[in-house]
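Okay, so here's the structure we're looking at.
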Amino acid sequence: MYILQETSFNNVDEKIIYYVIVSTYPLYLLGGLYFVGPVLAWVLFYRSVVIIFNNEVKYNFLAVVWIVAVLLIEVVVIIGSLNTGHSSLMVIKSSIGWAKGWALIGIFIFVGTILPIRYTILQNAMTNLLWQSLLITPFLILVAFLNFPTLLYTSPLKIFGGSGDQVFKVWLYWYDTNTGFPRWQLFAPWSPALAFYALLAFSIILSRPSDRIKYFAVLSSVILVIISESRAGILILFVLLTVFLIYYYFDTISILIFMLISTLIIGVFIDDIISFISGVFYKINSLRSDSSMIRNTLNNIGLYRWYNESFWFGHGNVERGPHIVQFMPIGSHNTFIGLLFIKGIIGLLLYLIPLLMTVIYMLFRSFVNHDYLSGFFVVVIFFIYSFTENIEILSYIMWPGWIFIGFVLRACFYKCNLNEIAFEDGGQVFVERK
């Protein structure tokens, strides 16, 4: 299955990754995306363990940090559930939720450093998906202005359970109740998640050699962010494009001088800058004041109940909020507060520490090799969206970003470009310098 060009594979792992990504739309129409992500993670994890036991494999220390962190999160889930008096059935249910949520983050980063999958395979798959989206988007915009039905159907696969009906609904588009304008989400469960995915895809293909295919794929990712009408997505896209241009058109010394001068200017005009930024955020939030109010209320409820009821290990399970927040789960729309409420301060640190370590590591490595800039972009996107989404709930669809972080960590370990990684038959890495 390909639109742009035929892709050659060296092993079954590359085939699995490629065909799962390019089959995103068929899987979405069937309602199977929610199940494919977790199954894929555990299958690839098993294959990674087999390679580790049969070969002498080297890997970046951060990959181990991530896999240990998500395993400890499961321990915290169990302790939190028992502390708050939940039944054994609820503990099992929470553990299943962990296996298809938090576990996926560590697993995909880990397998990205272990499995013999070339960056070019992921890059071609993401490019292919972006081209599919570019072809579909004009049709979806047209049907919105022709007043076609918004919701087509809900997949019957929802009977097997999930994080809500939203991940099984197939939409052409939908109307924002605050603005009255149509918004699109394509294969994502909601519009901001589409912007999230598009930003990840944009970052992943940055290291692809420049050609017409890449430019149209970048255009597709920009269009997806715009039609999602995600405030955070549009702002992040602008920042990424700015940083990308600076990194690729200025040397490291010039960037450091620019950062020094910027720091001095910020220090002198800090009060004016804060007032300006506050005004901008106020105007952005006022565009969807109801949504902002609900998010703020959810955050306040989550923080209050975490601090007063279960500080160290959290409540262990998701709880619905009151009517004022439209019965949305407490801690939703913010990964950090969700972690505090459900898994306590220990759970928060088990996610925040590896995340910040990876951000800092990627930042410094991107100064050494501009090929790693895309990895820095991806991990920063995950960090920023942690303030507006529940990252673990979206792991089933955002996994290409996590596995790409594994690819970049692997390249950092071998001090080479992403496309220089090659593999022996047993899965061991060797670097093929260009």
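As shown in the structure tokens, the chain order sets the letters A, B, ...; within each chain, residues go from 1, and ligands are also counted from 1 in the order they appear.
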Residues near segment 94-108 of chain A, cut-off 6 Å, only C-alpha atoms, skip fewer than 5 positions along chain, as an MDAnalysis selection string: chainID A and resid 38 66:67 70 392:393 395 402:403
Now that the selection is made, can you save its residues with C-alpha atoms as a compact mmCIF listing (two decimals), in the first residue's frame?
# COMPACT_ATOMS: atom_id res chain seq x y z
CA PRO A 38 -1.57 -1.16 22.47
CA TRP A 66 11.65 5.48 30.52
CA ILE A 67 10.85 1.76 30.67
CA VAL A 70 6.42 3.37 33.38
CA GLU A 392 -1.52 8.52 28.20
CA ILE A 393 -5.04 8.42 26.74
CA SER A 395 -0.76 7.07 23.36
CA TRP A 402 7.36 8.12 21.06
CA ILE A 403 9.06 5.55 18.82
Kindly assemble as a tab-separated table a list of the segment 129-162 of chain A residues that lie within 12 Å of segment 199-210 of chain A, each paired with its nearest atom pair and their distance in Å to one decimal, using only C-alpha atoms, sorted first by chain and then by ascending residue number.
residue	atom	partner	partner_atom	distance
A:Leu129	CA	A:Ala201	CA	9.1
A:Leu130	CA	A:Ala201	CA	7.9
A:Trp131	CA	A:Ala201	CA	11.4
A:Ser133	CA	A:Ala201	CA	11.7
Quick one: write out the picked residues with N, CA and C atoms as a compact mmCIF listing (two decimals), in the first residue's frame?
# COMPACT_ATOMS: atom_id res chain seq x y z
N LEU A 129 1.01 9.13 5.00
CA LEU A 129 -0.22 9.48 5.71
C LEU A 129 -0.57 10.96 5.53
N LEU A 130 0.43 11.82 5.54
CA LEU A 130 0.19 13.25 5.33
C LEU A 130 -0.33 13.52 3.92
N TRP A 131 0.17 12.78 2.94
CA TRP A 131 -0.35 12.94 1.58
C TRP A 131 -1.79 12.45 1.49
N SER A 133 -3.94 12.60 3.86
CA SER A 133 -4.71 13.66 4.52
C SER A 133 -4.88 14.86 3.61
Give me the residues within 12 Å of Leu348 of chain A as an MDAnalysis selection string, counting only C-alpha atoms and dropping any in the same chain fewer than 6 places off. chainID A and resid 69:70 72:73 76:77 102 306 311:314 334:342 354:356 386
I'd like the contact shell of Pro26 of chain A - 12 Å cut-off, only C-alpha atoms, skipping same-chain residues fewer than 6 positions apart - returned as a CSV table (one decimal) with N, CA and C atoms, in the first residue's frame.
chain,number,residue,atom,x,y,z
A,1,MET,N,0.9,-1.2,0.0
A,1,MET,CA,0.0,0.0,0.0
A,1,MET,C,0.9,1.2,0.0
A,19,TYR,N,3.0,-0.4,7.6
A,19,TYR,CA,1.6,-0.7,7.2
A,19,TYR,C,0.6,-0.2,8.2
A,20,VAL,N,0.9,-0.3,9.5
A,20,VAL,CA,0.0,0.2,10.5
A,20,VAL,C,-0.2,1.7,10.4
A,32,GLY,N,-10.8,0.7,14.8
A,32,GLY,CA,-9.8,-0.2,15.4
A,32,GLY,C,-8.5,0.5,15.8
A,33,LEU,N,-8.4,1.8,15.6
A,33,LEU,CA,-7.1,2.5,16.0
A,33,LEU,C,-6.9,2.3,17.5
A,36,VAL,N,-5.3,-1.2,18.0
A,36,VAL,CA,-4.1,-1.5,17.3
A,36,VAL,C,-2.8,-1.0,18.0
A,129,LEU,N,1.0,9.1,5.0
A,129,LEU,CA,-0.2,9.5,5.7
A,129,LEU,C,-0.6,11.0,5.5
A,132,GLN,N,-2.1,11.4,2.2
A,132,GLN,CA,-3.5,10.9,2.2
A,132,GLN,C,-4.4,12.0,2.8
A,170,VAL,N,-16.9,8.2,14.1
A,170,VAL,CA,-16.4,8.6,12.8
A,170,VAL,C,-17.1,9.9,12.4
A,186,LEU,N,-10.4,14.6,11.5
A,186,LEU,CA,-10.0,13.5,10.6
A,186,LEU,C,-10.0,12.2,11.4
A,187,PHE,N,-8.8,11.5,11.6
A,187,PHE,CA,-8.8,10.2,12.3
A,187,PHE,C,-8.5,10.4,13.8
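With distances restricted to only C-alpha atoms, A:Leu172 is the closest residue to Thr137 of chain A from A:Leu240, A:Ile213, A:Leu172, A:Ala188.
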Name the residues of segment 35-187 of chain A that fall into strand (DSSP E or B) according to DSSP on the backbone, using the chain letters and numbers of this document, as a count of residues only. 11
Given the choices A:Val68, A:Ile114, A:Leu82, A:Leu134, which gets closest to Asp13 of chain A if the distance is worked out from only C-alpha atoms? A:Ile114
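Interatomic distance, atom CA of Val49 of chain A to atom CA of Tyr119 of chain A: 20.4 Å.
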Can you pull out every residue from segment 10-97 of chain A that DSSP, working from the backbone, puts in alpha helix (DSSP H), and format the result as a PyMOL selection string? chain A and resi 12-22+24-30+33-54+61-83+88-97
Report as an mmCIF file with N, CA and C atoms, in the first residue's frame all protein, DNA and RNA residues lying within 9 Å of Leu40 of chain A, evaluated on only C-alpha atoms, omitting residues in the same chain fewer than 5 positions from it.
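Saved as result13.cif:
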data_model
loop_
_atom_site.group_PDB
_atom_site.id
_atom_site.type_symbol
_atom_site.label_atom_id
_atom_site.label_comp_id
_atom_site.auth_asym_id
_atom_site.auth_seq_id
_atom_site.Cartn_x
_atom_site.Cartn_y
_atom_site.Cartn_z
ATOM 1 N N ILE A 16 5.625 -3.997 9.722
ATOM 2 C CA ILE A 16 4.551 -3.761 10.699
ATOM 3 C C ILE A 16 4.363 -2.267 10.932
ATOM 4 N N ILE A 17 5.467 -1.570 11.215
ATOM 5 C CA ILE A 17 5.397 -0.126 11.493
ATOM 6 C C ILE A 17 4.820 0.616 10.297
ATOM 7 N N VAL A 20 0.947 -0.261 9.512
ATOM 8 C CA VAL A 20 0.018 0.229 10.537
ATOM 9 C C VAL A 20 -0.211 1.723 10.353
ATOM 10 N N PHE A 35 -7.367 -0.062 19.462
ATOM 11 C CA PHE A 35 -6.867 -1.376 19.867
ATOM 12 C C PHE A 35 -5.524 -1.705 19.219
ATOM 13 N N PHE A 45 7.424 -4.968 21.874
ATOM 14 C CA PHE A 45 8.207 -5.116 23.100
ATOM 15 C C PHE A 45 8.706 -6.553 23.233
#
